[in-house]
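Student: Encoded as C-alpha cells, here's the structure I'll be asking about.
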Protein chains: 2
Amino acid sequence: MNELCCVPLGTQQLGDADAEALASVLKALADPVRLKLVSAIAAAGEGCACDFPALTGKSQPTISHHLSQLVDAGILEREQRGKWAWFQVNEARLAEICSILC
Amino acid sequence: MNELCCVPLGTQQLGDADAEALASVLKALADPVRLKLVSAIAAAGEGCACDFPALTGKSQPTISHHLSQLVDAGILEREQRGKWAWFQVNEARLAEICSILC
DNA sequence: ACATCATATCGATGGATGTCAATACATCGA
DNA sequence: TCGATGTATTGACATCCATCGATATGATGT
C-alpha cells in the first residue's frame with residue numbers, strides 16, 4: 001500500500017508518480033462489486049468473506065480477487081479468525097482520498 | 001451525467017444502481033492521464049485542450065477521448081471559445097464524490 | 001492423520017479500455 | 001469561398017480486467 005501523495009488536486013500540478021499512485025487506488029474503488037463490498041463492510045463495521053458471494057451474486061474466487069485488490073489498495077484490512085476472513089474499512093485511507101479530491 | 005446517488009458508503013448498503021453510478025464516475029477519475037488533466041485545470045482555474053498533448057505526452061485524439069470521458073462523468077465542464085475548447089473542474093461533482101466516500 | 005470447510009491461486013476467456021494514425025468536422029481569417 | 005488550424009470521430013490493435021471452473025492451500029475438529 002503506497003503512500004498516497006500529495007495535496008489537493010488543484011493546489012499544484014500532479015506529478016507522474018503521484019498520478020499513478022492515486023489512479024491505482026481510485027481504480028480499486030471504481031468497480032460496482034467492490035463498492036458494494038466496501039459499503040456492506042462499512043455499514044456493518046466489519047464483514048466476513050463467507051457472506052459476500054450471496055450478497056453480490058458473484059462466485060467465491062471472484063470475491064476473493066476483489067477483496068485482495070481492496071486490501072492491496074489499503075482500503076480494506078484483513079483479519080483471520082479461525083478459518084474465516086474478516087474485513088474492516090480503513091477509514092483513514094478513504095479520508096486520504098477525499099483530502100486529495102477536495 | 002447521472003445523479004450521483006446517495007449517502008455515505010457506511011450509512012446503508014449500496015444498491016446495484018447506485019454502485020454502478022458511483023463506479024462509473026470513479027472510473028473516469030481512475031486514470032493517471034485524466035488525473036493530470038483534472039489537476040492542471042484545477043490548479044490553473046481553467047485549461048485549453050490545445051495545451052494538453054504537450055503537458056501529458058499523449059496524442060491529440062487520446063486527449064480528446066479523455067476529456068470527453070471527464071465531461072461525460074460530470075467532472076469537467078466544456079466551453080467553446082472560438083476554435084478552442086476550454087475546460088473547468090466541476091468542484092461540486094468532486095465534493096459529491098467525497099461526501100459519499102467519507 | 002483425516003475429512004471438512006473457508007479461502008486463495010491458476011488458467012482460460014470474453015469484454016472493456018488506452019492508444020494512435022487517418023480522417024472528418026468546425027471555426028476563423030483572408 | 002478557401003485555406004489553415006483546433007477538435008472530434010473512426011478503425012484498428014494491444015493490453016488490461018472481471019469472471020468462472022478447477023484445483024491448491026490452510027485451518028478446524030474428530
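FYI, nothing fancy with the C-alpha cells labels: chains A, B, ... in order, residues from 1 per chain, ligands from 1 as they appear.
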Which polymer residues have any atom within 9 Å of an atom of Ala42 of chain A, counting only C-alpha atoms (C1' of nucleotides), with same-chain residues fewer than 3 positions away left out, as a PyMOL selection string?

Tutor: (chain A and resi 37-39+45-47+88-89+91) or (chain B and resi 9-13)

Student: Those selected residues, please, written with C-alpha atoms and delivered as a short mmCIF file (atom, residue, chain, number, x, y, z; two decimals), in the first residue's frame.

Tutor:
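Result file result12.cif:
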data_model
loop_
_atom_site.label_atom_id
_atom_site.label_comp_id
_atom_site.auth_asym_id
_atom_site.auth_seq_id
_atom_site.Cartn_x
_atom_site.Cartn_y
_atom_site.Cartn_z
CA LEU A 37 -18.30 -4.86 -0.60
CA VAL A 38 -16.89 -1.68 0.91
CA SER A 39 -20.36 -0.37 1.58
CA GLY A 45 -18.49 -2.21 10.87
CA GLU A 46 -16.94 -5.43 9.64
CA GLY A 47 -17.74 -8.28 7.27
CA GLN A 88 -12.78 -3.75 8.05
CA VAL A 89 -12.73 -0.48 6.16
CA GLU A 91 -11.42 4.96 7.14
CA LEU B 9 -20.83 4.44 1.96
CA GLY B 10 -21.25 3.18 5.50
CA THR B 11 -24.71 4.55 6.12
CA GLN B 12 -26.59 1.80 4.36
CA GLN B 13 -25.87 -0.94 1.89
#

Student: Write out as a ChimeraX atom specification every residue belonging to chain C that has an atom at most 8 Å from any atom of chain A, counting only C-alpha atoms (C1' of nucleotides).

Tutor: /C:6-8

Student: Take the residues that were just selected and, keeping C-alpha atoms (C1' of nucleotides), output them as a short mmCIF file (atom, residue, chain, number, x, y, z; two decimals), in the first residue's frame.

Tutor:
data_model
loop_
_atom_site.label_atom_id
_atom_site.label_comp_id
_atom_site.auth_asym_id
_atom_site.auth_seq_id
_atom_site.Cartn_x
_atom_site.Cartn_y
_atom_site.Cartn_z
"C1'" DA C 6 -13.23 -21.46 4.02
"C1'" DT C 7 -10.22 -19.05 1.19
"C1'" DA C 8 -6.56 -18.41 -2.35
#

Student: Give me, as JSON, numbers by chain, the contact residues of chain B against chain A at a cut-off of 7 Å, counting only C-alpha atoms.

Tutor: {"B": [9, 10, 11, 12, 13, 14, 19, 20, 23, 24, 26, 27, 30, 31, 32, 35, 36, 39, 40, 42, 43, 94, 95, 98, 101, 102]}

Student: Residues of the last selection are to be written out with N, CA and C atoms, as a PDB file, in the first residue's frame.

Tutor:
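So result-v7.pdb came out as:
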ATOM      1  N   LEU B   9     -20.947   5.880   2.201  1.00  0.00           N
ATOM      2  CA  LEU B   9     -20.833   4.436   1.960  1.00  0.00           C
ATOM      3  C   LEU B   9     -21.277   3.578   3.141  1.00  0.00           C
ATOM      4  N   GLY B  10     -20.986   4.025   4.340  1.00  0.00           N
ATOM      5  CA  GLY B  10     -21.245   3.184   5.503  1.00  0.00           C
ATOM      6  C   GLY B  10     -22.602   3.389   6.121  1.00  0.00           C
ATOM      7  N   THR B  11     -23.401   4.256   5.531  1.00  0.00           N
ATOM      8  CA  THR B  11     -24.710   4.548   6.123  1.00  0.00           C
ATOM      9  C   THR B  11     -25.688   3.410   5.905  1.00  0.00           C
ATOM     10  N   GLN B  12     -25.747   2.955   4.664  1.00  0.00           N
ATOM     11  CA  GLN B  12     -26.585   1.802   4.361  1.00  0.00           C
ATOM     12  C   GLN B  12     -25.991   1.087   3.172  1.00  0.00           C
ATOM     13  N   GLN B  13     -26.405  -0.128   2.974  1.00  0.00           N
ATOM     14  CA  GLN B  13     -25.874  -0.939   1.892  1.00  0.00           C
ATOM     15  C   GLN B  13     -26.174  -0.290   0.550  1.00  0.00           C
ATOM     16  N   LEU B  14     -25.156  -0.149  -0.268  1.00  0.00           N
ATOM     17  CA  LEU B  14     -25.279   0.461  -1.587  1.00  0.00           C
ATOM     18  C   LEU B  14     -26.087  -0.445  -2.510  1.00  0.00           C
ATOM     19  N   ALA B  19     -24.335   1.665  -7.010  1.00  0.00           N
ATOM     20  CA  ALA B  19     -22.972   1.145  -7.137  1.00  0.00           C
ATOM     21  C   ALA B  19     -22.465   1.346  -8.562  1.00  0.00           C
ATOM     22  N   GLU B  20     -23.312   1.087  -9.525  1.00  0.00           N
ATOM     23  CA  GLU B  20     -22.914   1.278 -10.926  1.00  0.00           C
ATOM     24  C   GLU B  20     -22.618   2.749 -11.208  1.00  0.00           C
ATOM     25  N   ALA B  23     -19.421   3.836  -9.441  1.00  0.00           N
ATOM     26  CA  ALA B  23     -18.264   3.194 -10.069  1.00  0.00           C
ATOM     27  C   ALA B  23     -17.903   3.880 -11.374  1.00  0.00           C
ATOM     28  N   SER B  24     -18.892   4.270 -12.145  1.00  0.00           N
ATOM     29  CA  SER B  24     -18.580   4.863 -13.450  1.00  0.00           C
ATOM     30  C   SER B  24     -17.924   6.229 -13.294  1.00  0.00           C
ATOM     31  N   LEU B  26     -16.078   7.138 -10.624  1.00  0.00           N
ATOM     32  CA  LEU B  26     -14.733   6.875 -10.111  1.00  0.00           C
ATOM     33  C   LEU B  26     -13.830   6.359 -11.217  1.00  0.00           C
ATOM     34  N   LYS B  27     -14.394   5.549 -12.103  1.00  0.00           N
ATOM     35  CA  LYS B  27     -13.612   5.014 -13.214  1.00  0.00           C
ATOM     36  C   LYS B  27     -13.096   6.140 -14.105  1.00  0.00           C
ATOM     37  N   ALA B  30     -10.081   7.421 -12.447  1.00  0.00           N
ATOM     38  CA  ALA B  30      -9.046   6.456 -12.106  1.00  0.00           C
ATOM     39  C   ALA B  30      -8.088   6.183 -13.254  1.00  0.00           C
ATOM     40  N   ASP B  31      -7.508   7.220 -13.785  1.00  0.00           N
ATOM     41  CA  ASP B  31      -6.516   7.079 -14.845  1.00  0.00           C
ATOM     42  C   ASP B  31      -5.496   8.201 -14.684  1.00  0.00           C
ATOM     43  N   PRO B  32      -4.214   7.865 -14.745  1.00  0.00           N
ATOM     44  CA  PRO B  32      -3.189   8.878 -14.474  1.00  0.00           C
ATOM     45  C   PRO B  32      -3.244  10.065 -15.431  1.00  0.00           C
ATOM     46  N   LEU B  35      -6.197  12.188 -14.404  1.00  0.00           N
ATOM     47  CA  LEU B  35      -5.911  12.897 -13.152  1.00  0.00           C
ATOM     48  C   LEU B  35      -5.002  14.095 -13.396  1.00  0.00           C
ATOM     49  N   LYS B  36      -4.042  13.924 -14.282  1.00  0.00           N
ATOM     50  CA  LYS B  36      -3.160  15.053 -14.581  1.00  0.00           C
ATOM     51  C   LYS B  36      -3.933  16.179 -15.263  1.00  0.00           C
ATOM     52  N   SER B  39      -6.006  17.855 -12.558  1.00  0.00           N
ATOM     53  CA  SER B  39      -5.115  18.616 -11.687  1.00  0.00           C
ATOM     54  C   SER B  39      -4.659  19.909 -12.345  1.00  0.00           C
ATOM     55  N   ALA B  40      -4.270  19.813 -13.619  1.00  0.00           N
ATOM     56  CA  ALA B  40      -3.793  21.004 -14.329  1.00  0.00           C
ATOM     57  C   ALA B  40      -4.898  22.045 -14.447  1.00  0.00           C
ATOM     58  N   ALA B  42      -7.604  22.283 -12.542  1.00  0.00           N
ATOM     59  CA  ALA B  42      -7.958  22.794 -11.213  1.00  0.00           C
ATOM     60  C   ALA B  42      -6.929  23.807 -10.732  1.00  0.00           C
ATOM     61  N   ALA B  43      -5.663  23.509 -10.975  1.00  0.00           N
ATOM     62  CA  ALA B  43      -4.602  24.397 -10.483  1.00  0.00           C
ATOM     63  C   ALA B  43      -4.649  25.753 -11.182  1.00  0.00           C
ATOM     64  N   LEU B  94     -16.871  16.835  -7.547  1.00  0.00           N
ATOM     65  CA  LEU B  94     -15.840  16.228  -6.699  1.00  0.00           C
ATOM     66  C   LEU B  94     -16.315  16.193  -5.249  1.00  0.00           C
ATOM     67  N   ALA B  95     -16.962  17.270  -4.824  1.00  0.00           N
ATOM     68  CA  ALA B  95     -17.466  17.304  -3.447  1.00  0.00           C
ATOM     69  C   ALA B  95     -18.507  16.215  -3.228  1.00  0.00           C
ATOM     70  N   CYS B  98     -16.743  12.976  -2.672  1.00  0.00           N
ATOM     71  CA  CYS B  98     -16.186  12.943  -1.313  1.00  0.00           C
ATOM     72  C   CYS B  98     -17.267  12.708  -0.271  1.00  0.00           C
ATOM     73  N   LEU B 101     -17.804   9.043  -0.099  1.00  0.00           N
ATOM     74  CA  LEU B 101     -16.682   8.227   0.395  1.00  0.00           C
ATOM     75  C   LEU B 101     -16.452   8.427   1.888  1.00  0.00           C
ATOM     76  N   CYS B 102     -16.711   9.649   2.383  1.00  0.00           N
ATOM     77  CA  CYS B 102     -16.390   9.914   3.793  1.00  0.00           C
ATOM     78  C   CYS B 102     -17.598  10.439   4.575  1.00  0.00           C
TER      79      CYS B 102
END

Student: Return as a PyMOL selection string the residues belonging to chain D that are within 12 Å of chain A, counting only C-alpha atoms (C1' of nucleotides).

Tutor: chain D and resi 17-23+25-29

Student: Selected residues, N, CA and C atoms (P, O5', C5', C4', C3', O3' and C1' of nucleotides), written as a compact mmCIF listing (two decimals), in the first residue's frame, please.

Tutor:
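And here is the file that came out, part_19.txt:
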# COMPACT_ATOMS: atom_id res chain seq x y z
P DC D 17 -5.65 -3.54 -15.05
O5' DC D 17 -7.08 -4.26 -15.07
C5' DC D 17 -8.15 -3.65 -15.75
C4' DC D 17 -9.38 -4.54 -15.71
C3' DC D 17 -9.52 -5.35 -14.42
O3' DC D 17 -10.87 -5.35 -14.06
C1' DC D 17 -9.61 -6.78 -16.26
P DA D 18 -11.27 -5.51 -12.51
O5' DA D 18 -12.70 -6.22 -12.58
C5' DA D 18 -13.61 -5.83 -13.59
C4' DA D 18 -14.50 -7.01 -13.97
C3' DA D 18 -14.96 -7.87 -12.79
O3' DA D 18 -16.32 -8.20 -12.96
C1' DA D 18 -13.79 -9.21 -14.36
P DT D 19 -17.13 -8.98 -11.83
O5' DT D 19 -17.05 -10.49 -12.29
C5' DT D 19 -17.61 -10.88 -13.54
C4' DT D 19 -17.17 -12.27 -13.91
C3' DT D 19 -17.22 -13.31 -12.78
O3' DT D 19 -18.48 -13.95 -12.79
C1' DT D 19 -15.33 -13.60 -14.25
P DC D 20 -18.86 -14.99 -11.61
O5' DC D 20 -18.34 -16.37 -12.21
C5' DC D 20 -18.65 -16.72 -13.56
C4' DC D 20 -17.83 -17.93 -13.98
C3' DC D 20 -17.86 -19.06 -12.95
O3' DC D 20 -18.34 -20.26 -13.55
C1' DC D 20 -15.61 -18.54 -13.61
P DG D 21 -18.77 -21.46 -12.58
O5' DG D 21 -17.68 -22.56 -12.94
C5' DG D 21 -17.52 -22.97 -14.30
C4' DG D 21 -16.30 -23.87 -14.43
C3' DG D 21 -16.27 -25.07 -13.48
O3' DG D 21 -15.72 -26.19 -14.17
C1' DG D 21 -14.39 -23.68 -13.08
P DA D 22 -15.59 -27.59 -13.40
O5' DA D 22 -14.05 -27.62 -12.96
C5' DA D 22 -13.05 -27.40 -13.95
C4' DA D 22 -11.67 -27.43 -13.31
C3' DA D 22 -11.48 -28.55 -12.26
O3' DA D 22 -10.22 -29.18 -12.49
C1' DA D 22 -10.93 -26.44 -11.33
P DT D 23 -9.79 -30.41 -11.56
O5' DT D 23 -8.76 -29.74 -10.54
C5' DT D 23 -7.77 -28.85 -11.06
C4' DT D 23 -7.08 -28.13 -9.93
C3' DT D 23 -6.68 -29.02 -8.74
O3' DT D 23 -5.29 -28.87 -8.51
C1' DT D 23 -7.70 -27.03 -8.01
P DT D 25 -0.45 -26.47 -3.06
O5' DT D 25 -0.94 -25.57 -1.84
C5' DT D 25 -1.09 -24.16 -2.02
C4' DT D 25 -1.86 -23.57 -0.86
C3' DT D 25 -1.38 -24.02 0.54
O3' DT D 25 -1.11 -22.88 1.30
C1' DT D 25 -3.72 -24.16 0.36
P DG D 26 -0.29 -22.99 2.66
O5' DG D 26 -1.39 -22.72 3.77
C5' DG D 26 -2.28 -21.62 3.61
C4' DG D 26 -3.42 -21.73 4.59
C3' DG D 26 -3.04 -22.30 5.97
O3' DG D 26 -3.67 -21.52 6.98
C1' DG D 26 -4.83 -23.52 5.08
P DA D 27 -3.11 -21.64 8.50
O5' DA D 27 -4.45 -21.92 9.31
C5' DA D 27 -5.62 -21.15 9.02
C4' DA D 27 -6.83 -21.91 9.53
C3' DA D 27 -6.62 -22.54 10.91
O3' DA D 27 -7.68 -22.16 11.77
C1' DA D 27 -7.43 -24.15 9.36
P DT D 28 -7.59 -22.58 13.32
O5' DT D 28 -8.78 -23.61 13.48
C5' DT D 28 -10.05 -23.34 12.86
C4' DT D 28 -10.91 -24.60 12.91
C3' DT D 28 -10.84 -25.33 14.25
O3' DT D 28 -12.13 -25.38 14.82
C1' DT D 28 -10.57 -26.83 12.40
P DG D 29 -12.28 -25.90 16.33
O5' DG D 29 -12.86 -27.37 16.10
C5' DG D 29 -13.94 -27.57 15.19
C4' DG D 29 -14.16 -29.06 14.96
C3' DG D 29 -14.16 -29.93 16.23
O3' DG D 29 -15.11 -30.96 16.08
C1' DG D 29 -12.47 -30.68 14.78

Student: Could you jot down the atom CA of Phe52 of chain A to atom CA of Asn90 of chain A separation for me, Å, one decimal place?

Tutor: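 About the pair atom CA of Phe52 of chain A and atom CA of Asn90 of chain A: they are 18.3 Å apart.
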
Student: Could you find all residues in segment 47-94 of chain A that DSSP calls strand (DSSP E) from the backbone, and write them as a PyMOL selection string?

Tutor: chain A and resi 47-48+76-81+84-89

Student: Could the residues in this selection be saved with N, CA and C atoms as a compact mmCIF listing (two decimals), in the first residue's frame?

Tutor:
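Listed below is the output, again15.txt:
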# COMPACT_ATOMS: atom_id res chain seq x y z
N GLY A 47 -17.04 -7.33 8.10
CA GLY A 47 -17.74 -8.28 7.27
C GLY A 47 -16.92 -9.53 7.04
N CYS A 48 -17.61 -10.68 6.95
CA CYS A 48 -16.95 -11.96 6.69
C CYS A 48 -17.02 -12.29 5.21
N LEU A 76 -9.25 -1.83 2.49
CA LEU A 76 -9.74 -2.78 3.48
C LEU A 76 -8.56 -3.33 4.27
N GLU A 77 -8.89 -3.79 5.48
CA GLU A 77 -7.90 -4.51 6.29
C GLU A 77 -8.45 -5.89 6.61
N ARG A 78 -7.57 -6.87 6.50
CA ARG A 78 -7.97 -8.26 6.64
C ARG A 78 -7.57 -8.82 7.99
N GLU A 79 -8.44 -9.65 8.54
CA GLU A 79 -8.13 -10.27 9.83
C GLU A 79 -8.63 -11.71 9.79
N GLN A 80 -7.74 -12.64 10.07
CA GLN A 80 -8.11 -14.05 10.04
C GLN A 80 -8.69 -14.45 11.40
N ARG A 81 -9.89 -15.05 11.38
CA ARG A 81 -10.49 -15.56 12.63
C ARG A 81 -10.84 -17.00 12.37
N TRP A 84 -12.17 -18.24 8.99
CA TRP A 84 -12.87 -17.15 8.30
C TRP A 84 -12.00 -15.91 8.16
N ALA A 85 -12.20 -15.22 7.07
CA ALA A 85 -11.50 -13.95 6.85
C ALA A 85 -12.49 -12.81 7.07
N TRP A 86 -12.13 -11.91 7.96
CA TRP A 86 -12.97 -10.75 8.25
C TRP A 86 -12.28 -9.49 7.77
N PHE A 87 -13.10 -8.53 7.43
CA PHE A 87 -12.57 -7.30 6.84
C PHE A 87 -13.18 -6.07 7.50
N GLN A 88 -12.33 -5.06 7.58
CA GLN A 88 -12.78 -3.75 8.05
C GLN A 88 -12.37 -2.70 7.03
N VAL A 89 -13.09 -1.59 7.03
CA VAL A 89 -12.73 -0.48 6.16
C VAL A 89 -11.67 0.38 6.83

Student: Please compute the atom C1' of DT17 of chain C-atom CA of Asp72 of chain B distance, one decimal, in Å.

Tutor: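 According to the coordinates, atom C1' of DT17 of chain C and atom CA of Asp72 of chain B are separated by 15.8 Å.
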
Student: If you run DSSP on the backbone here, which positions in chain B get helix (DSSP H, G or I)? Please write them as a PyMOL selection string.

Tutor: chain B and resi 16-29+32-44+49-56+60-72+91-101

Student: I want to know what sits within 12 Å of DT23 of chain C, based on only C-alpha atoms (C1' of nucleotides), with residues of the same chain fewer than 5 positions away left out; could you give that as a PyMOL selection string?

Tutor: (chain B and resi 61) or (chain D and resi 8-11)

Student: Go through C:DC2, C:DA12, C:DC28, C:DC20 and flag the residue nearest DA14 of chain D, using only C-alpha atoms (C1' of nucleotides) for the distances.

Tutor: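 Among the listed residues, C:DC20 lies closest to DA14 of chain D.
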